[in-house]
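Trainee: So here's protein-v5.cif (mmCIF, C-alpha atoms).
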data_input
#
loop_
_atom_site.label_atom_id
_atom_site.label_comp_id
_atom_site.auth_asym_id
_atom_site.auth_seq_id
_atom_site.Cartn_x
_atom_site.Cartn_y
_atom_site.Cartn_z
CA MET A 61 0.00 0.00 0.00
CA ASN A 62 1.45 3.34 -0.98
CA ALA A 63 1.52 6.58 0.99
CA ILE A 64 -1.61 8.00 -0.57
CA ASP A 65 -3.65 4.87 0.09
CA ARG A 66 -2.83 5.21 3.79
CA ILE A 67 -4.58 8.54 3.85
CA ILE A 68 -7.24 8.10 1.19
CA PRO A 69 -9.17 4.81 1.06
CA ILE A 70 -9.51 3.62 -2.53
CA ALA A 71 -12.33 1.25 -3.41
CA VAL A 72 -10.36 -1.59 -4.92
CA SER A 73 -10.05 -5.29 -4.27
CA SER A 74 -6.89 -6.56 -2.65
CA ALA A 75 -6.24 -9.19 -5.31
CA PRO A 76 -4.55 -8.14 -8.56
CA SER A 77 -5.99 -9.15 -11.88
CA PRO A 78 -4.07 -11.42 -14.26
CA ASP A 79 -2.60 -8.25 -15.78
CA GLY A 80 -1.27 -7.14 -12.40
CA LEU A 81 -3.88 -4.35 -12.22
CA LEU A 82 -6.32 -3.54 -9.48
CA ASN A 83 -9.98 -4.23 -10.20
CA LEU A 84 -12.37 -1.57 -8.96
CA THR A 85 -15.17 -3.09 -6.93
CA ALA A 86 -17.21 -0.14 -5.71
CA GLU A 87 -20.68 0.00 -7.22
CA ASN A 88 -20.01 3.39 -8.76
CA ALA A 89 -16.40 2.69 -9.68
CA GLU A 90 -15.07 3.39 -13.14
CA PRO A 91 -13.81 0.47 -15.28
CA SER A 92 -10.27 -0.63 -14.48
CA LEU A 93 -7.67 -0.48 -17.22
CA ASP A 94 -7.32 -4.23 -17.51
CA LYS A 95 -10.94 -4.50 -18.62
CA THR A 96 -10.58 -2.03 -21.45
CA PHE A 97 -8.55 -4.30 -23.74
CA SER A 98 -11.66 -6.26 -24.64
CA SER A 99 -14.15 -3.39 -24.52
CA ALA A 100 -12.32 -0.57 -26.28
CA ASP A 101 -12.22 -0.15 -30.02
CA SER A 102 -9.09 -1.27 -31.79
CA GLY A 103 -6.68 1.22 -33.30
CA THR A 104 -3.90 3.26 -31.74
CA HIS A 105 -4.11 6.77 -33.16
CA ASP A 106 -7.65 7.86 -32.36
CA ARG A 107 -7.59 11.67 -32.20
CA SER A 108 -11.30 12.03 -31.48
CA LEU A 109 -11.80 10.43 -28.07
CA ILE A 110 -15.15 11.55 -26.64
CA ASP A 111 -16.53 10.69 -23.21
CA THR A 112 -20.15 9.93 -22.30
CA ARG A 113 -20.92 13.66 -22.14
CA LYS A 114 -19.35 14.41 -25.55
CA ARG A 115 -16.22 15.96 -24.02
CA PRO A 116 -13.00 15.43 -26.01
CA LEU A 117 -9.63 14.56 -24.48
CA ARG A 118 -7.39 17.59 -25.01
CA ASP A 119 -5.36 18.23 -21.84
CA LEU A 120 -3.08 16.03 -19.72
CA ARG A 121 -1.78 17.04 -16.31
CA ILE A 122 1.19 15.03 -15.08
CA SER A 123 2.21 15.13 -11.41
CA VAL A 124 5.97 14.51 -11.19
CA THR A 125 6.25 14.50 -7.37
CA ASP A 126 3.94 14.31 -4.37
CA ARG A 127 6.35 16.43 -2.29
CA CYS A 128 6.23 20.20 -1.76
CA ASN A 129 8.35 22.74 0.10
CA PHE A 130 5.23 24.73 1.10
CA ARG A 131 2.48 23.68 3.48
CA CYS A 132 -0.33 25.83 2.14
CA VAL A 133 -3.38 25.69 4.39
CA TYR A 134 -5.76 24.90 1.53
CA CYS A 135 -3.61 22.16 0.00
CA MET A 136 -1.02 20.52 2.29
CA PRO A 137 -1.77 21.56 5.90
CA LYS A 138 0.91 20.61 8.42
CA THR A 139 -1.65 18.83 10.56
CA VAL A 140 -1.78 16.13 7.87
CA PHE A 141 1.47 16.53 5.93
CA GLY A 142 3.86 16.67 8.88
CA ARG A 143 7.48 15.55 9.19
CA ASP A 144 6.48 11.89 9.45
CA TYR A 145 4.13 11.88 6.45
CA PRO A 146 4.86 8.79 4.27
CA PHE A 147 5.58 10.27 0.85
CA LEU A 148 6.13 7.97 -2.11
CA SER A 149 9.50 6.29 -2.50
CA ARG A 150 11.62 6.95 -5.58
CA ASN A 151 10.90 3.47 -6.96
CA ASP A 152 7.17 4.24 -6.89
CA LEU A 153 7.55 7.28 -9.16
CA LEU A 154 7.20 7.05 -12.90
CA SER A 155 10.57 7.49 -14.59
CA PHE A 156 11.04 10.24 -17.16
CA GLU A 157 11.14 7.58 -19.87
CA GLU A 158 7.81 6.17 -18.67
CA ILE A 159 6.27 9.63 -18.55
CA GLU A 160 7.51 10.41 -22.07
CA ARG A 161 6.10 7.14 -23.37
CA ILE A 162 2.63 7.60 -21.91
CA ALA A 163 2.62 11.27 -22.96
CA ARG A 164 3.37 10.22 -26.54
CA VAL A 165 0.38 7.86 -26.48
CA PHE A 166 -1.86 10.60 -25.07
CA VAL A 167 -0.77 13.02 -27.79
CA ALA A 168 -1.67 10.42 -30.40
CA GLN A 169 -5.10 10.27 -28.73
CA GLY A 170 -5.68 14.00 -29.23
CA VAL A 171 -3.98 15.71 -26.27
CA GLU A 172 -2.80 19.20 -27.23
CA LYS A 173 -1.40 20.50 -23.94
CA ILE A 174 0.63 18.86 -21.17
CA ARG A 175 1.02 20.57 -17.79
CA LEU A 176 3.63 19.39 -15.30
CA THR A 177 2.47 19.67 -11.70
CA GLY A 178 3.14 18.25 -8.24
CA GLY A 179 3.36 18.74 -5.33
CA GLU A 180 6.01 21.21 -6.37
CA PRO A 181 7.38 19.98 -9.72
CA LEU A 182 10.67 21.87 -9.44
CA LEU A 183 11.59 19.56 -6.56
CA ARG A 184 11.88 16.66 -9.04
CA ARG A 185 15.58 16.30 -9.77
CA GLY A 186 16.54 16.77 -13.41
CA LEU A 187 13.10 18.00 -14.46
CA GLU A 188 14.69 19.88 -17.36
CA LYS A 189 15.55 16.53 -18.94
CA LEU A 190 11.89 15.50 -18.90
CA ILE A 191 10.87 18.81 -20.45
CA GLU A 192 13.42 18.26 -23.23
CA GLN A 193 11.89 14.86 -23.94
CA LEU A 194 8.32 16.15 -23.93
CA ALA A 195 9.19 19.22 -26.01
CA ARG A 196 9.90 16.92 -28.96
CA LEU A 197 6.19 16.08 -29.10
CA PRO A 198 3.74 18.25 -31.10
CA VAL A 199 2.14 19.63 -27.94
CA GLU A 200 2.30 22.67 -25.66
CA ILE A 201 4.35 22.07 -22.50
CA THR A 202 3.49 24.13 -19.43
CA LEU A 203 4.33 23.97 -15.72
CA THR A 204 2.76 25.16 -12.47
CA THR A 205 5.03 26.13 -9.57
CA ASN A 206 4.91 27.91 -6.22
CA GLY A 207 7.91 29.94 -7.39
CA ALA A 208 10.25 29.07 -4.54
CA LEU A 209 12.92 27.63 -6.86
CA LEU A 210 11.96 29.52 -10.00
CA ALA A 211 14.69 32.17 -9.90
CA LYS A 212 17.33 29.43 -10.13
CA LYS A 213 15.49 27.32 -12.69
CA ALA A 214 13.77 29.76 -15.07
CA GLN A 215 16.49 30.00 -17.72
CA THR A 216 17.14 26.25 -17.87
CA LEU A 217 13.41 25.54 -18.06
CA LYS A 218 13.10 27.85 -21.05
CA GLU A 219 16.17 26.36 -22.74
CA ALA A 220 14.77 22.86 -22.20
CA GLY A 221 11.70 23.78 -24.23
CA LEU A 222 9.07 24.87 -21.70
CA HIS A 223 6.46 27.01 -23.46
CA ARG A 224 4.70 28.71 -20.55
CA ILE A 225 4.65 28.83 -16.75
CA THR A 226 2.02 29.43 -14.07
CA VAL A 227 3.06 30.70 -10.64
CA SER A 228 0.88 30.37 -7.55
CA LEU A 229 0.83 33.58 -5.50
CA ASP A 230 -1.90 34.00 -2.90
CA ALA A 231 -0.86 37.33 -1.37
CA LEU A 232 1.50 40.28 -1.71
CA ASP A 233 1.45 41.08 1.98
CA ASP A 234 4.31 39.12 3.51
CA VAL A 235 2.51 38.33 6.76
CA ILE A 236 -0.51 36.90 4.94
CA PHE A 237 1.64 35.07 2.41
CA LYS A 238 3.75 33.39 5.11
CA ARG A 239 0.62 32.48 7.04
CA MET A 240 -0.76 30.76 3.96
CA ASN A 241 2.40 28.90 2.87
CA ASP A 242 3.11 28.07 6.54
CA VAL A 243 6.87 27.67 6.01
CA ASP A 244 7.89 31.32 6.47
CA PHE A 245 8.71 31.76 2.77
CA ALA A 246 8.90 35.41 1.74
CA VAL A 247 6.77 36.79 -1.08
CA SER A 248 9.75 38.75 -2.41
CA ASP A 249 11.44 35.49 -3.38
CA VAL A 250 8.42 34.44 -5.47
CA LEU A 251 8.35 37.86 -7.15
CA HIS A 252 12.05 37.44 -7.92
CA GLY A 253 11.26 34.10 -9.55
CA ILE A 254 8.55 35.69 -11.66
CA GLU A 255 11.01 38.36 -12.80
CA ALA A 256 13.53 35.66 -13.72
CA ALA A 257 10.94 33.75 -15.73
CA ALA A 258 9.97 36.92 -17.59
CA ALA A 259 13.64 37.68 -18.30
CA ALA A 260 14.02 34.17 -19.71
CA GLY A 261 11.16 34.84 -22.13
CA LEU A 262 8.51 32.60 -20.56
CA PRO A 263 4.88 33.76 -20.80
CA ILE A 264 3.52 33.86 -17.24
CA LYS A 265 0.19 33.40 -15.53
CA ILE A 266 -0.28 34.16 -11.84
CA ASN A 267 -2.81 32.09 -9.88
CA CYS A 268 -4.33 33.23 -6.60
CA VAL A 269 -6.63 30.92 -4.63
CA VAL A 270 -9.01 33.23 -2.76
CA LYS A 271 -10.17 32.12 0.68
CA ARG A 272 -12.73 34.43 2.27
CA GLY A 273 -11.46 35.90 5.52
CA THR A 274 -7.89 34.76 4.85
CA ASN A 275 -6.48 36.51 1.78
CA ASP A 276 -9.42 38.28 0.14
CA SER A 277 -7.81 41.58 1.22
CA GLN A 278 -5.11 40.84 -1.37
CA ILE A 279 -7.31 40.93 -4.47
CA LEU A 280 -6.83 44.63 -5.23
CA PRO A 281 -3.14 44.75 -4.27
CA LEU A 282 -2.47 41.86 -6.66
CA ALA A 283 -4.51 43.52 -9.40
CA ARG A 284 -2.62 46.79 -8.95
CA HIS A 285 0.76 45.04 -8.92
CA PHE A 286 0.30 43.02 -12.12
CA ARG A 287 -1.44 45.65 -14.23
CA HIS A 288 0.82 46.62 -17.16
CA SER A 289 3.04 43.58 -16.46
CA ASP A 290 1.92 41.46 -19.46
CA HIS A 291 1.26 38.65 -16.95
CA VAL A 292 -2.28 37.26 -16.67
CA LEU A 293 -3.53 37.29 -13.09
CA ARG A 294 -6.23 34.73 -12.29
CA PHE A 295 -8.34 34.36 -9.15
CA ILE A 296 -9.52 30.85 -8.26
CA GLU A 297 -12.42 30.02 -5.97
CA TYR A 298 -11.36 28.02 -2.91
CA MET A 299 -12.29 24.40 -3.69
CA ASP A 300 -13.11 21.27 -1.69
CA VAL A 301 -10.29 19.26 -3.24
CA GLY A 302 -9.17 16.31 -1.15
CA ASN A 303 -10.09 15.67 2.46
CA SER A 304 -7.54 17.55 4.56
CA ASN A 305 -8.10 21.28 4.05
CA GLY A 306 -11.24 21.68 6.21
CA TRP A 307 -13.15 23.24 3.31
CA ARG A 308 -16.34 25.15 4.10
CA MET A 309 -18.66 26.84 1.62
CA ALA A 310 -18.68 29.94 3.83
CA GLU A 311 -15.00 30.48 2.96
CA VAL A 312 -15.65 30.58 -0.79
CA LEU A 313 -15.60 34.06 -2.31
CA PRO A 314 -17.61 33.91 -5.55
CA SER A 315 -15.81 35.15 -8.63
CA THR A 316 -18.63 37.62 -9.27
CA GLU A 317 -17.58 39.43 -6.09
CA VAL A 318 -13.93 39.40 -7.16
CA ILE A 319 -14.80 41.01 -10.48
CA ALA A 320 -17.08 43.57 -8.82
CA LEU A 321 -14.30 44.55 -6.41
CA ILE A 322 -11.76 45.09 -9.17
CA GLN A 323 -14.33 46.69 -11.48
CA ALA A 324 -15.01 49.40 -8.88
CA GLU A 325 -11.42 50.62 -9.16
CA PHE A 326 -10.40 49.49 -12.65
CA PRO A 327 -13.19 49.26 -15.26
CA LEU A 328 -13.28 45.87 -16.99
CA GLU A 329 -14.99 44.22 -19.91
CA ALA A 330 -15.52 40.53 -20.58
CA ILE A 331 -13.66 39.00 -23.51
CA ASP A 332 -14.06 35.71 -25.34
CA ALA A 333 -12.31 32.50 -24.39
CA ARG A 334 -9.22 31.64 -26.44
CA TYR A 335 -10.32 28.06 -27.01
CA ALA A 336 -13.16 25.66 -26.26
CA GLY A 337 -12.96 24.32 -22.72
CA GLU A 338 -10.92 27.22 -21.26
CA VAL A 339 -11.68 27.19 -17.54
CA ALA A 340 -10.98 30.85 -16.78
CA ALA A 341 -13.48 33.56 -17.69
CA ARG A 342 -11.41 36.38 -19.22
CA TRP A 343 -11.68 40.11 -18.53
CA ARG A 344 -9.56 43.01 -19.74
CA TYR A 345 -8.93 46.46 -18.35
CA LEU A 346 -10.59 49.16 -20.42
CA ASP A 347 -7.47 51.31 -20.14
CA GLY A 348 -5.38 48.66 -21.89
CA ALA A 349 -3.46 47.55 -18.78
CA GLY A 350 -3.83 43.86 -19.56
CA GLU A 351 -6.23 41.11 -18.58
CA ILE A 352 -7.30 39.05 -15.60
CA GLY A 353 -9.22 35.81 -15.26
CA VAL A 354 -11.50 34.13 -12.76
CA ILE A 355 -11.97 30.40 -12.28
CA SER A 356 -15.41 29.76 -10.77
CA SER A 357 -15.15 26.05 -10.12
CA VAL A 358 -17.56 26.17 -7.18
CA THR A 359 -20.20 28.75 -8.10
CA GLN A 360 -20.21 28.30 -11.88
CA ALA A 361 -19.11 24.73 -12.53
CA PHE A 362 -17.60 23.99 -15.93
CA CYS A 363 -17.76 20.20 -15.86
CA SER A 364 -19.65 20.17 -19.15
CA SER A 365 -16.59 21.43 -21.03
CA CYS A 366 -13.79 19.75 -19.05
CA THR A 367 -11.22 18.12 -21.34
CA ARG A 368 -8.60 17.16 -18.73
CA ALA A 369 -7.06 13.86 -17.75
CA ARG A 370 -4.62 13.61 -14.85
CA LEU A 371 -1.71 11.25 -14.29
CA SER A 372 -0.47 10.88 -10.72
CA THR A 373 3.13 10.69 -9.58
CA GLU A 374 3.14 6.90 -9.44
CA GLY A 375 1.11 6.38 -12.59
CA LYS A 376 -2.59 6.37 -11.84
CA LEU A 377 -4.91 7.90 -14.40
CA TYR A 378 -7.70 10.13 -13.04
CA THR A 379 -10.51 11.62 -15.08
CA CYS A 380 -11.53 14.28 -12.55
CA LEU A 381 -9.82 16.51 -9.97
CA PHE A 382 -12.39 15.26 -7.46
CA ALA A 383 -12.06 11.56 -8.31
CA GLN A 384 -12.20 8.86 -5.66
CA GLN A 385 -10.01 6.34 -7.46
CA GLY A 386 -7.68 6.07 -10.42
CA HIS A 387 -6.67 3.56 -13.08
CA ASP A 388 -3.27 1.86 -12.82
CA VAL A 389 -1.17 2.87 -15.84
CA ARG A 390 2.19 2.06 -14.26
CA SER A 391 1.49 -1.68 -14.33
CA LEU A 392 0.90 -1.45 -18.06
CA LEU A 393 4.09 0.56 -18.59
CA ARG A 394 6.16 -1.91 -16.57
CA GLY A 395 4.43 -5.00 -17.88
CA ASP A 396 4.38 -6.55 -21.33
CA LYS A 397 1.87 -4.11 -22.85
CA ASN A 398 2.79 -2.26 -26.03
CA ASP A 399 1.70 1.23 -27.08
CA ASP A 400 -1.39 -0.14 -28.82
CA ASP A 401 -2.44 -1.69 -25.51
CA LEU A 402 -1.86 1.60 -23.70
CA SER A 403 -3.84 3.45 -26.35
CA ARG A 404 -6.80 1.11 -26.10
CA ALA A 405 -6.75 1.27 -22.31
CA ILE A 406 -6.77 5.08 -22.30
CA ALA A 407 -9.55 5.13 -24.89
CA GLY A 408 -11.65 2.76 -22.82
CA VAL A 409 -11.30 4.86 -19.68
CA TRP A 410 -12.05 8.17 -21.40
CA ARG A 411 -15.05 6.86 -23.31
CA ALA A 412 -16.55 5.62 -20.03
CA ARG A 413 -15.93 8.97 -18.30
CA SER A 414 -19.00 10.70 -16.88
CA ASP A 415 -17.52 12.87 -14.07
CA ASN A 416 -19.37 16.02 -13.05
CA TYR A 417 -18.61 16.48 -9.34
CA SER A 418 -18.70 20.29 -9.35
CA GLU A 419 -22.12 20.33 -10.99
CA MET A 420 -23.40 17.88 -8.36
CA ARG A 421 -21.66 19.48 -5.35
CA SER A 422 -24.73 21.31 -4.13
CA GLU A 423 -26.79 18.12 -4.35
CA ILE A 424 -24.33 15.99 -2.36
CA ARG A 425 -25.61 16.78 1.11
CA THR A 426 -26.16 14.80 4.28
CA GLU A 427 -29.77 14.28 5.35
CA LYS A 428 -29.30 15.47 8.95
CA THR A 429 -27.21 18.64 8.59
CA GLY A 430 -27.71 19.68 4.99
CA GLU A 431 -23.92 20.09 4.70
CA ILE A 432 -22.04 18.84 1.67
CA ALA A 433 -21.15 15.22 2.35
CA LYS A 434 -17.55 14.25 3.05
CA ILE A 435 -16.53 12.11 0.10
CA GLN A 436 -13.05 10.56 0.09
CA LYS A 437 -11.25 12.30 -2.79
CA ILE A 438 -7.66 12.45 -3.98
CA GLU A 439 -5.58 15.27 -2.50
CA MET A 440 -4.64 18.24 -4.68
CA SER A 441 -0.99 17.92 -3.61
CA TYR A 442 -0.99 14.39 -5.04
CA ILE A 443 -2.61 15.05 -8.40
CA GLY A 444 -1.98 18.77 -9.02
CA GLY A 445 -4.59 21.53 -9.26
#
Could the structure of this file be written out as structure tokens, please?
Mentor:
Amino acid sequence: MNAIDRIIPIAVSSAPSPDGLLNLTAENAEPSLDKTFSSADSGTHDRSLIDTRKRPLRDLRISVTDRCNFRCVYCMPKTVFGRDYPFLSRNDLLSFEEIERIARVFVAQGVEKIRLTGGEPLLRRGLEKLIEQLARLPVEITLTTNGALLAKKAQTLKEAGLHRITVSLDALDDVIFKRMNDVDFAVSDVLHGIEAAAAAGLPIKINCVVKRGTNDSQILPLARHFRHSDHVLRFIEYMDVGNSNGWRMAEVLPSTEVIALIQAEFPLEAIDARYAGEVAARWRYLDGAGEIGVISSVTQAFCSSCTRARLSTEGKLYTCLFAQQGHDVRSLLRGDKNDDDLSRAIAGVWRARSDNYSEMRSEIRTEKTGEIAKIQKIEMSYIGG
């Protein structure tokens, strides 16, 4: 049993299948990968995979480590992820060669963008080598980071072939920022990393998770700071990802309030999405100072247009950020399966996909209290945001 399974119960049987894969046994479980070889259509290069809700497969998020050097209160609180937390061993992680192989199969299935996540992806030793491998594929390569190591890594990331970077920054006020990252990391160091990335020529997005009563005072300071910077600042509603962050609906600040707050000081106008399935609603300043975005994953769910698959650090495929269990890809990669087998397995999982947790969130309530039920979900630090 790996480190994640100790924290998050996964509804699987204890006995492996003949293929060495776990068979899901929960009544509402998705089909396991070993079952897809007989049920999926034949053919390797199917660039039109559609799930049960007519959503295509276009984006792949790959977590390269479950470790992080921050302990953000909404993601990896110290009360759970303390010094004795059992992180995955190195042997459990997918190798760069395994990641490149599965990425190549996903691209053949229609994936157009790959995002490297964590944990904190820059903690993975030699990450530049992986980026070089992935950059050979006809796909956009992006990365999300907390910025702690970005100043040292920005130039090599760009030279390796990274196309774009997203930096998480939840406050400009140092006291608030340190309270949120909970490791006494200074905001000035993140800003230095952003400057280094810009100097290296990387397009930059800045993500701020807004938690009412914690960092909502930072919305306008962030907007003022990044106006005229050419960086896109995005505000994300605080989500109930995982089981450890103590999420409460009362701490969600709706994106409509974020826009109204900024609009009162800097007039905005809505602009069209760049592509189908873009999760952020885009707004631009009327004075030409740039654009911002809001991601309303709680109050305005976008499940109906979600095109993302997620691959965990040790090779489990998830079809939703709020999933309860994944599909074991690593056993296929380390077994005797060829790329056609991998392709058919991925196709079978995606075509069976019906996830819409965010749309159903308000309906998942306990009978006695009316509160949203506590469902065992994967942690954001394990699968990426």
Trainee: I'd like to see the residues matched by the PyMOL selection byres ((chain A and resi 342) around 8) on this file, and ideally I'd get them as an MDAnalysis selection string.
Mentor: chainID A and resid 330:333 340:341 343:344 351:354
Trainee: Name the closest residue to Arg272 (chain A) among the candidates A:Tyr134, A:Phe286, A:Phe326, A:Trp410; distances are taken between atoms, counting all atoms listed in the file.
Mentor: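 Under the stated criterion, the closest residue is A:Tyr134.
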Trainee: Quick one: apply the PyMOL selection byres ((chain A and resi 110) around 10) to the file and drop the selected residues here as a list in words.
Mentor: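 Those residues are Arg107, Ser108, Leu109, Asp111, Thr112, Arg113, Lys114, Arg115, Pro116, Leu117, Arg118, Thr367, Ala407, Trp410, Arg411, Ala412 and Arg413 of chain A.
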Trainee: Store the residues picked out above, limited to C-alpha atoms, as a short mmCIF file (atom, residue, chain, number, x, y, z; two decimals), in the frame of the given file.
Mentor:
data_model
loop_
_atom_site.label_atom_id
_atom_site.label_comp_id
_atom_site.auth_asym_id
_atom_site.auth_seq_id
_atom_site.Cartn_x
_atom_site.Cartn_y
_atom_site.Cartn_z
CA ARG A 107 -7.59 11.67 -32.20
CA SER A 108 -11.30 12.03 -31.48
CA LEU A 109 -11.80 10.43 -28.07
CA ASP A 111 -16.53 10.69 -23.21
CA THR A 112 -20.15 9.93 -22.30
CA ARG A 113 -20.92 13.66 -22.14
CA LYS A 114 -19.35 14.41 -25.55
CA ARG A 115 -16.22 15.96 -24.02
CA PRO A 116 -13.00 15.43 -26.01
CA LEU A 117 -9.63 14.56 -24.48
CA ARG A 118 -7.39 17.59 -25.01
CA THR A 367 -11.22 18.12 -21.34
CA ALA A 407 -9.55 5.13 -24.89
CA TRP A 410 -12.05 8.17 -21.40
CA ARG A 411 -15.05 6.86 -23.31
CA ALA A 412 -16.55 5.62 -20.03
CA ARG A 413 -15.93 8.97 -18.30
#
Trainee: With all atoms listed in the file as the counted atoms, please give the residues lying no more than 6 Å from region 182-197 of chain A, apart from itself and same-chain residues fewer than 4 positions off, as a ChimeraX atom specification.
Mentor: /A:156,217,220-221
Trainee: As a list of chain:residue names, please: the residues near region 248-259 of chain A (cut-off 8 Å, only C-alpha atoms, same-chain neighbours under 4 positions excluded).
Mentor: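 That gives A:Asn206, A:Gly207, A:Ala208, A:Leu209, A:Leu210, A:Ala211, A:Lys212, A:Ala214, A:Gln215, A:Val227, A:Leu229, A:Pro263, A:Ile264.
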Trainee: Give me, as a list in words, all polymer residues having an atom no more than 10 Å from region 310-315 of chain A, counting all atoms listed in the file and skipping those fewer than 2 positions away in the same chain.
Mentor: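 The neighbour list is Val269, Val270, Lys271, Arg272, Gly273, Thr274, Asp276, Phe295, Ile296, Glu297, Tyr298, Met299, Asp300, Trp307, Arg308, Glu317, Val318, Ile319, Ala320, Leu321, Ala341, Gly353, Val354, Ile355, Ser356, Ser357, Val358, Thr359 and Gln360 of chain A.
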Trainee: Go ahead and compute the interatomic distance for CA of Arg127 (chain A) and CA of Phe141 (chain A), in Å to one decimal.
Mentor: 9.6 Å
Trainee: Once the PyMOL selection byres ((chain A and resi 122) around 7) is applied to the coordinates I shared, what remains selected? I want it as a list in words.
Mentor: Leu120, Arg121, Ser123, Val124, Arg175, Leu176, Thr177, Arg370, Leu371 and Ser372 of chain A
Trainee: Restricting the calculation to all atoms listed in the file: of A:Ile322, A:Gln169, A:Val339, A:Ile162, which residue gets closest to Gly408 (chain A)?
Mentor: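 With all atoms listed in the file as the atom set, the closest residue is A:Gln169.
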Trainee: Expressed in Å to a single decimal, how great is the separation between CA of Pro198 (chain A) and CA of Gly178 (chain A)?
Mentor: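 If I compute the distance from CA of Pro198 (chain A) to CA of Gly178 (chain A), I get 22.9 Å.
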Trainee: Excluding region 394-400 of chain A and any residue of its chain fewer than 3 positions from it, enumerate the residues within 7 Å of it, using all atoms listed in the file, and give them as a PyMOL selection string.
Mentor: chain A and resi 104+165+390-391+403-404
Trainee: Do you have the CA of Val140 (chain A)-CA of Thr125 (chain A) distance handy?
Mentor: 17.3 Å
Trainee: Skip Asp119 (chain A) itself and residues of its chain fewer than 3 positions away, then list as a PyMOL selection string all residues within 7 Å of it, counting only C-alpha atoms.
Mentor: chain A and resi 171-174+367-369
Trainee: Which residue is closest to Lys238 (chain A)? Choose from A:Asn275, A:Ser149, A:Thr139, A:Thr373 and count only C-alpha atoms.
Mentor: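 Nearest to Lys238 (chain A): A:Asn275.
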Trainee: Calculated over all atoms listed in the file, which of the candidates A:Glu219, A:Asp242, A:Asp233, A:Glu180 has the smallest distance to Gly142 (chain A)?
Mentor: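 Of all the options, A:Asp242 lies closest to Gly142 (chain A).
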Trainee: Find, counting all atoms listed in the file, the residue in A:Leu328, A:Ala349, A:Leu222, A:Ile159 that gets nearest to Lys376 (chain A).
Mentor: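 Answer, going by the shortest atom-to-atom distance: A:Ile159.
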Trainee: With distances taken over only C-alpha atoms, which of A:Val409, A:Gly348, A:Met240, A:Met309 is nearest to His288 (chain A)?
Mentor: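 Answer, going by the shortest atom-to-atom distance: A:Gly348.
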